[in-house]
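Data from structure.cif: mmCIF, C-alpha atoms and all ligand atoms
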data_data
#
loop_
_atom_site.label_atom_id
_atom_site.label_comp_id
_atom_site.auth_asym_id
_atom_site.auth_seq_id
_atom_site.Cartn_x
_atom_site.Cartn_y
_atom_site.Cartn_z
CA MET A 149 0.00 0.00 0.00
CA ASN A 150 1.56 3.28 -1.13
CA LEU A 151 0.45 6.70 0.04
CA SER A 152 -0.28 9.19 -2.74
CA ASP A 153 1.35 12.64 -2.77
CA ASP A 154 -2.02 14.14 -1.78
CA GLN A 155 -2.30 11.79 1.20
CA ILE A 156 1.24 12.63 2.31
CA ALA A 157 0.47 16.36 2.03
CA GLU A 158 -2.75 15.87 4.04
CA PHE A 159 -0.86 14.00 6.75
CA HIS A 160 1.70 16.80 7.08
CA GLU A 161 -1.01 19.49 7.12
CA ARG A 162 -3.55 17.89 9.49
CA GLY A 163 -1.33 15.46 11.40
CA TYR A 164 -3.42 12.38 10.68
CA LEU A 165 -4.81 10.26 7.86
CA LEU A 166 -7.79 7.86 7.90
CA LEU A 167 -7.67 4.99 5.40
CA PRO A 168 -10.88 2.92 5.10
CA ASP A 169 -11.00 -0.74 4.03
CA VAL A 170 -7.33 -1.56 4.49
CA PHE A 171 -7.96 -4.98 6.07
CA SER A 172 -10.69 -7.40 4.99
CA GLY A 173 -13.30 -8.97 7.26
CA ASP A 174 -11.38 -12.28 7.16
CA GLU A 175 -8.15 -10.59 8.24
CA ILE A 176 -9.87 -8.72 11.08
CA ALA A 177 -11.53 -11.97 12.20
CA VAL A 178 -8.08 -13.58 12.60
CA LEU A 179 -7.13 -10.77 14.99
CA THR A 180 -10.38 -10.51 16.94
CA GLY A 181 -10.41 -14.29 17.35
CA GLU A 182 -7.29 -13.96 19.54
CA LEU A 183 -8.56 -11.23 21.85
CA ASP A 184 -10.31 -13.30 24.53
CA GLY A 185 -7.24 -15.51 24.84
CA ILE A 186 -4.97 -12.50 25.25
CA PHE A 187 -7.18 -10.45 27.59
CA SER A 188 -7.93 -13.40 29.85
CA GLN A 189 -4.28 -13.97 30.68
CA ASP A 190 -3.04 -12.92 34.08
CA ARG A 191 0.08 -11.02 33.07
CA PRO A 192 1.43 -7.50 33.66
CA GLU A 193 1.00 -6.61 29.98
CA ASN A 194 -2.78 -6.58 30.60
CA VAL A 195 -3.42 -3.23 32.29
CA ARG A 196 -6.99 -3.24 33.59
CA GLU A 197 -9.44 -0.37 34.05
CA LYS A 198 -9.92 1.05 37.53
CA ASN A 199 -12.71 -1.49 38.11
CA GLY A 200 -9.99 -4.15 38.01
CA ARG A 201 -11.85 -6.26 35.43
CA ALA A 202 -11.93 -4.97 31.87
CA VAL A 203 -8.61 -4.74 30.05
CA ARG A 204 -7.84 -1.09 29.31
CA THR A 205 -4.69 -1.66 27.31
CA ASN A 206 -2.70 -4.76 26.43
CA PHE A 207 0.98 -4.34 25.67
CA ALA A 208 3.38 -6.20 23.40
CA ALA A 209 1.02 -8.89 22.05
CA HIS A 210 3.38 -9.18 19.08
CA THR A 211 5.89 -10.84 21.41
CA TYR A 212 3.56 -13.66 22.53
CA ASN A 213 0.81 -14.02 19.92
CA GLU A 214 1.44 -15.16 16.36
CA ALA A 215 -1.36 -13.20 14.64
CA TYR A 216 -0.32 -9.95 16.33
CA ALA A 217 3.35 -10.70 15.55
CA ARG A 218 2.38 -10.90 11.88
CA LEU A 219 0.39 -7.67 12.14
CA GLY A 220 3.52 -6.02 13.59
CA LYS A 221 5.36 -6.79 10.34
CA HIS A 222 2.48 -6.12 7.98
CA PRO A 223 3.49 -4.27 4.81
CA ARG A 224 0.22 -2.29 4.79
CA LEU A 225 1.22 -0.77 8.15
CA ILE A 226 5.00 -0.60 7.99
CA ASN A 227 5.54 0.67 4.43
CA PRO A 228 3.49 3.90 4.74
CA VAL A 229 5.29 4.78 7.98
CA VAL A 230 8.73 4.06 6.47
CA LYS A 231 7.74 6.48 3.72
CA LEU A 232 6.53 9.20 6.12
CA LEU A 233 9.50 8.89 8.50
CA GLY A 234 12.01 8.59 5.67
CA GLY A 235 13.74 5.35 6.64
CA PRO A 236 13.63 2.04 8.52
CA VAL A 237 11.53 1.76 11.66
CA TYR A 238 11.35 -0.40 14.79
CA ILE A 239 8.42 -0.98 17.16
CA HIS A 240 8.68 1.38 20.10
CA GLN A 241 5.34 0.34 21.56
CA TYR A 242 2.58 -2.10 20.63
CA LYS A 243 -0.80 -1.97 22.28
CA ILE A 244 -4.36 -3.20 21.94
CA ASN A 245 -6.73 -0.71 23.53
CA ALA A 246 -9.95 -2.49 24.32
CA LYS A 247 -12.17 0.41 25.43
CA ALA A 248 -14.74 -2.15 26.46
CA ALA A 249 -18.48 -1.59 26.20
CA PHE A 250 -19.77 0.26 29.33
CA ASP A 251 -16.34 0.04 31.05
CA GLY A 252 -13.85 1.79 28.75
CA ASP A 253 -12.48 4.83 30.57
CA VAL A 254 -11.26 8.12 29.05
CA TRP A 255 -7.79 8.82 27.68
CA GLN A 256 -6.98 12.36 28.75
CA TRP A 257 -5.76 15.07 26.34
CA HIS A 258 -2.11 14.38 25.50
CA GLN A 259 0.61 14.02 22.90
CA ASP A 260 2.30 10.61 22.63
CA TYR A 261 5.71 12.17 22.06
CA GLY A 262 5.26 14.00 25.36
CA THR A 263 5.53 10.64 27.13
CA TRP A 264 8.13 9.12 24.82
CA ALA A 265 10.42 12.15 25.25
CA ARG A 266 9.99 12.55 29.02
CA ASP A 267 9.88 8.90 30.09
CA ASP A 268 12.00 7.20 27.41
CA LEU A 269 14.30 10.02 26.19
CA MET A 270 13.33 9.56 22.56
CA PRO A 271 15.48 12.26 20.93
CA GLU A 272 13.10 13.65 18.31
CA PRO A 273 9.46 13.35 17.20
CA ARG A 274 10.47 11.01 14.39
CA ALA A 275 7.98 8.35 15.40
CA MET A 276 4.28 7.89 14.86
CA ASN A 277 1.24 5.73 15.43
CA ILE A 278 -0.51 3.58 12.94
CA ALA A 279 -3.74 2.09 14.26
CA VAL A 280 -6.09 -0.63 13.03
CA PHE A 281 -9.77 -0.56 14.02
CA LEU A 282 -10.80 -4.08 15.10
CA ASP A 283 -14.36 -2.86 15.77
CA GLU A 284 -16.40 -0.20 14.07
CA VAL A 285 -15.52 3.14 15.65
CA SER A 286 -18.51 5.47 15.91
CA GLU A 287 -19.51 8.63 17.77
CA PHE A 288 -20.88 6.39 20.55
CA ASN A 289 -18.06 4.07 21.59
CA GLY A 290 -15.28 6.46 22.56
CA PRO A 291 -13.58 7.45 19.30
CA LEU A 292 -10.21 9.16 19.25
CA MET A 293 -10.58 12.94 19.13
CA PHE A 294 -7.88 14.99 17.37
CA ILE A 295 -7.07 18.68 17.10
CA PRO A 296 -6.04 18.95 13.44
CA GLY A 297 -2.73 20.73 12.90
CA SER A 298 -1.79 20.63 16.60
CA HIS A 299 1.32 18.56 15.80
CA LYS A 300 2.90 21.68 14.33
CA GLY A 301 3.41 23.31 17.75
CA GLY A 302 6.01 20.74 18.88
CA LYS A 303 6.13 19.18 22.34
CA LEU A 304 3.93 21.13 24.76
CA ASP A 305 4.17 21.53 28.54
CA ALA A 306 2.42 18.65 30.31
CA GLY A 307 1.78 17.33 33.79
CA HIS A 308 2.11 13.71 34.92
CA ASP A 309 -1.42 12.51 35.66
CA LEU A 310 -1.23 9.47 37.94
CA LYS A 311 -4.79 9.66 39.25
CA THR A 312 -7.48 10.07 36.58
CA THR A 313 -7.23 6.58 35.09
CA SER A 314 -5.44 3.32 35.82
CA TYR A 315 -2.58 4.26 33.47
CA PRO A 316 -0.19 7.22 34.01
CA LEU A 317 -0.04 9.81 31.24
CA TRP A 318 1.62 13.19 30.57
CA THR A 319 -1.48 15.32 30.00
CA LEU A 320 -2.24 18.86 28.79
CA ASP A 321 -4.14 21.44 30.81
CA ASN A 322 -7.60 22.67 29.80
CA GLU A 323 -6.40 26.15 28.85
CA THR A 324 -3.85 24.75 26.40
CA VAL A 325 -6.43 22.44 24.83
CA ALA A 326 -9.03 25.23 24.54
CA GLY A 327 -6.52 27.49 22.77
CA LEU A 328 -5.53 24.76 20.32
CA VAL A 329 -9.18 23.93 19.58
CA ASP A 330 -9.86 27.64 18.91
CA ASP A 331 -7.28 27.41 16.13
CA GLY A 332 -7.74 23.89 14.77
CA GLY A 333 -11.19 22.67 15.81
CA MET A 334 -11.74 19.01 16.64
CA VAL A 335 -12.39 15.85 14.65
CA ALA A 336 -13.24 12.27 15.62
CA PRO A 337 -12.26 9.93 12.75
CA LYS A 338 -14.77 7.11 12.50
CA GLY A 339 -14.87 3.99 10.37
CA LYS A 340 -15.59 0.33 9.97
CA ALA A 341 -13.41 -2.46 11.34
CA GLY A 342 -10.44 -2.78 9.01
CA SER A 343 -9.89 0.98 8.75
CA VAL A 344 -6.41 2.32 9.47
CA LEU A 345 -5.58 5.61 11.18
CA LEU A 346 -2.10 7.17 11.09
CA PHE A 347 -1.23 10.07 13.35
CA HIS A 348 1.79 12.20 14.15
CA CYS A 349 3.33 11.68 17.59
CA ASN A 350 2.84 15.37 18.46
CA LEU A 351 -0.82 15.46 17.44
CA VAL A 352 -2.93 16.44 20.47
CA HIS A 353 -5.58 13.79 21.09
CA CYS A 354 -7.82 12.10 23.65
CA SER A 355 -10.84 9.81 23.74
CA PRO A 356 -13.98 9.90 25.87
CA GLY A 357 -15.31 6.99 27.91
CA ASN A 358 -17.31 4.23 26.30
CA ILE A 359 -20.71 3.81 27.94
CA SER A 360 -22.22 2.36 24.77
CA PRO A 361 -22.93 -1.38 24.48
CA TRP A 362 -20.25 -1.68 21.76
CA ASP A 363 -16.57 -2.46 22.32
CA ARG A 364 -14.07 -0.19 20.59
CA THR A 365 -10.92 -2.23 20.15
CA ILE A 366 -8.01 -0.58 18.34
CA VAL A 367 -4.47 -1.92 17.84
CA TYR A 368 -1.67 0.67 17.83
CA LEU A 369 1.79 0.21 16.44
CA SER A 370 4.01 3.07 17.57
CA LEU A 371 6.88 3.03 15.11
CA CYS A 372 10.13 4.97 15.48
CA HIS A 373 12.94 5.63 13.00
CA VAL A 374 15.80 3.30 13.99
CA ASP A 375 18.24 6.25 14.37
CA ASN A 376 15.86 7.89 16.82
CA HIS A 377 15.66 5.00 19.31
CA ILE A 378 15.02 5.71 22.97
CA ARG A 379 17.98 6.46 25.25
CA GLN A 380 16.44 5.77 28.69
CA PHE A 381 15.10 2.43 29.89
CA LYS A 382 13.01 3.50 32.87
CA ARG A 383 9.74 1.84 31.82
CA PRO A 384 9.33 -1.93 31.48
CA GLU A 385 10.63 -3.43 28.23
CA TRP A 386 7.08 -4.45 27.28
CA ILE A 387 5.92 -0.82 27.39
CA ALA A 388 8.93 0.83 25.70
CA HIS A 389 10.83 -1.71 23.63
CA ARG A 390 14.61 -1.98 23.51
CA ASP A 391 14.96 -4.02 20.33
CA PHE A 392 15.81 -1.37 17.75
CA THR A 393 16.10 -3.78 14.81
CA ALA A 394 14.51 -2.48 11.61
CA ILE A 395 11.31 -4.33 10.77
CA ASP A 396 11.43 -6.60 7.73
CA VAL A 397 7.91 -6.77 6.31
CA LEU A 398 6.10 -10.05 5.66
CA PRO A 399 4.12 -10.86 2.51
CA ASP A 400 0.85 -8.98 2.06
CA ASP A 401 -1.32 -12.05 2.77
CA CYS A 402 0.52 -12.94 6.00
CA LEU A 403 -2.54 -12.68 8.27
CA LEU A 404 -4.34 -15.38 6.32
CA ALA A 405 -1.44 -17.85 6.23
CA PRO A 406 -2.04 -20.99 8.32
CA ALA A 407 -1.12 -20.66 11.99
CA GLY A 408 2.33 -22.02 12.66
CA GLU A 409 3.56 -21.52 9.10
CA ARG A 410 6.99 -19.95 9.08
CA LEU A 411 6.81 -16.79 6.98
CA THR A 412 9.82 -15.24 5.31
CA PRO A 413 10.14 -11.50 4.76
CA ALA A 414 8.68 -10.22 1.49
C1 LIG B 501 -3.86 6.71 23.30
O1 LIG B 501 -3.99 7.87 23.08
O2 LIG B 501 -2.73 6.24 23.47
C2 LIG B 501 -5.04 5.80 23.35
C3 LIG B 501 -6.31 6.44 23.07
C4 LIG B 501 -7.41 5.47 22.81
O3 LIG B 501 -7.16 4.29 22.48
O4 LIG B 501 -8.55 5.87 22.88
MN MN B 502 -1.98 8.59 22.71
#
Render the structure in this file as structure tokens.
Ligand code: SIN
Ligand code: MN
Amino acid sequence: MNLSDDQIAEFHERGYLLLPDVFSGDEIAVLTGELDGIFSQDRPENVREKNGRAVRTNFAAHTYNEAYARLGKHPRLINPVVKLLGGPVYIHQYKINAKAAFDGDVWQWHQDYGTWARDDLMPEPRAMNIAVFLDEVSEFNGPLMFIPGSHKGGKLDAGHDLKTTSYPLWTLDNETVAGLVDDGGMVAPKGKAGSVLLFHCNLVHCSPGNISPWDRTIVYLSLCHVDNHIRQFKRPEWIAHRDFTAIDVLPDDCLLAPAGERLTPA
């Protein structure tokens, strides 16, 4: 999958790009079929909501689940990011955010690079997210909300919020967010399962709670240029990875290959 010049220009201008119909229903079914098995495991990589039950975010599934390992080397995800970041990338962080029906809590206003710079000493904002919707994302089930163009202001002042949710985050204050929204407005990209959303690591974003009866599961690959790898190893390896090897992509049909089949890079 190649991005057109217009798509690249739109990404640089707005800080995000929504691509519908990137993965088929069969490919998404391979991934969703693994979720119960992953979320039911008692392991630190499953960070639960404050209620202690629903999984809020699962880390590093690519290191212990074959389907998610394949997704982590998928050419439809890796190639566009290699193009946008101008060179080889490694996986800085890999997460499945469940945002479960009725239980999914908010993600406060933040920039991802704010955390990667402060906690992991990532030198520059040469990293970004590429996300795959495993469920339909609608206005009801806690979609991501972006302030278009907000990535252009660089890394903003932030405070370390350890209280609001079960997961610590460097968050922006209300005054900062209000000023940015005055300039850029707000959008909430929505789409069917199989849609892909790319966004700049300095794009200001959040998501509201999910009190709808529909789960909103999204997988995020946070990819970083290999030259820009993190310099501080304060957080657990499964939150901020220390393997800076460039990803070799698998063949395009890798998700549908039989389980257990050894796949060689494309
Ligand atoms: C994030 O910003 O890292 C997660 C937001 C979400 O999944 O809603
Ligand atoms: Mn984020």
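Of note, atom CA of Asp330 of chain A and atom CA of Pro356 of chain A are spaced 19.5 Å apart.
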**Prompt:** So which residues touch Val170 of chain A within 7 Å, counting all atoms listed in the file, skipping near sequence neighbours fewer than 3 positions away, as number ranges by chain?
**Reply:** A: 167, 342-344
Could you work out an axis-aligned bounding box for all listed atoms of ligand LIG 501 (chain B), with 5 Å added on each of the six sides, and give its centre and edge lengths in Å to one decimal, as AutoDock Vina command-line options?
--center_x -5.6 --center_y 6.1 --center_z 23.0 --size_x 15.8 --size_y 13.6 --size_z 11.0
**Message:** At a cut-off of 8 Å, using all atoms listed in the file, what residues contact segment 270-285 of chain A? Leave out same-chain residues fewer than 5 positions from it and give the result as a ChimeraX atom specification.
**Reply:** /A:176,179-180,225,229,233,261,264-265,290-291,338-350,363-373,376-380
**Request:** Name the closest residue to ligand LIG 501 (chain B) among the candidates A:Lys221, A:Lys198, A:His299, A:Lys247; distances are taken between atoms, counting all atoms listed in the file.
**Result:** A:Lys247
**Prompt:** Neighbours of ligand MN 502 (chain B) within 10 Å, counting only C-alpha atoms and all ligand atoms, as a PyMOL selection string?
**Reply:** chain A and resi 255-263+277+292+317-319+347+349-355+368+370
**Item:** Between atom CA of Leu398 of chain A and atom CA of Gly220 of chain A - distance in Å to one decimal
**Value:** 9.3 Å
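Rounded to one decimal, atom CA of Asp253 of chain A and atom CA of Tyr238 of chain A lie 29.1 Å from each other.
When all atoms listed in the file are used to compute distances to Asp396 of chain A, the closest of the residues A:Ile226, A:Ala248, A:Leu269, A:Met334 turns out to be A:Ile226.
Shortest separation to Asp400 of chain A among A:Ala215, A:Val203, A:Met149, A:Val325 occurs at residue A:Met149, atoms counted being only C-alpha atoms.
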**Fill in**
The residue from A:Ser188, A:Lys300, A:Glu193, A:Pro337 with the smallest atom-to-atom distance to ligand LIG 501 (chain B), counting only C-alpha atoms and all ligand atoms, is A:Pro337
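For the choices A:Ala246, A:Val374, A:Ile156, A:Leu404, the atom-to-atom distance to ligand LIG 501 (chain B) is smallest for A:Ala246 when using only C-alpha atoms and all ligand atoms.
Nearest residue to Val230 of chain A, choosing from A:Asp331, A:Leu151, A:Pro384, A:Ala407 and counting all atoms listed in the file: A:Leu151.
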**Asked** If we count all atoms listed in the file, what is near Leu411 of chain A at a cut-off of 9 Å, once residues fewer than 2 positions away on the same chain are taken out, given as a ChimeraX atom specification?
**Response** /A:218,398-399,402,405,408-409,413-414
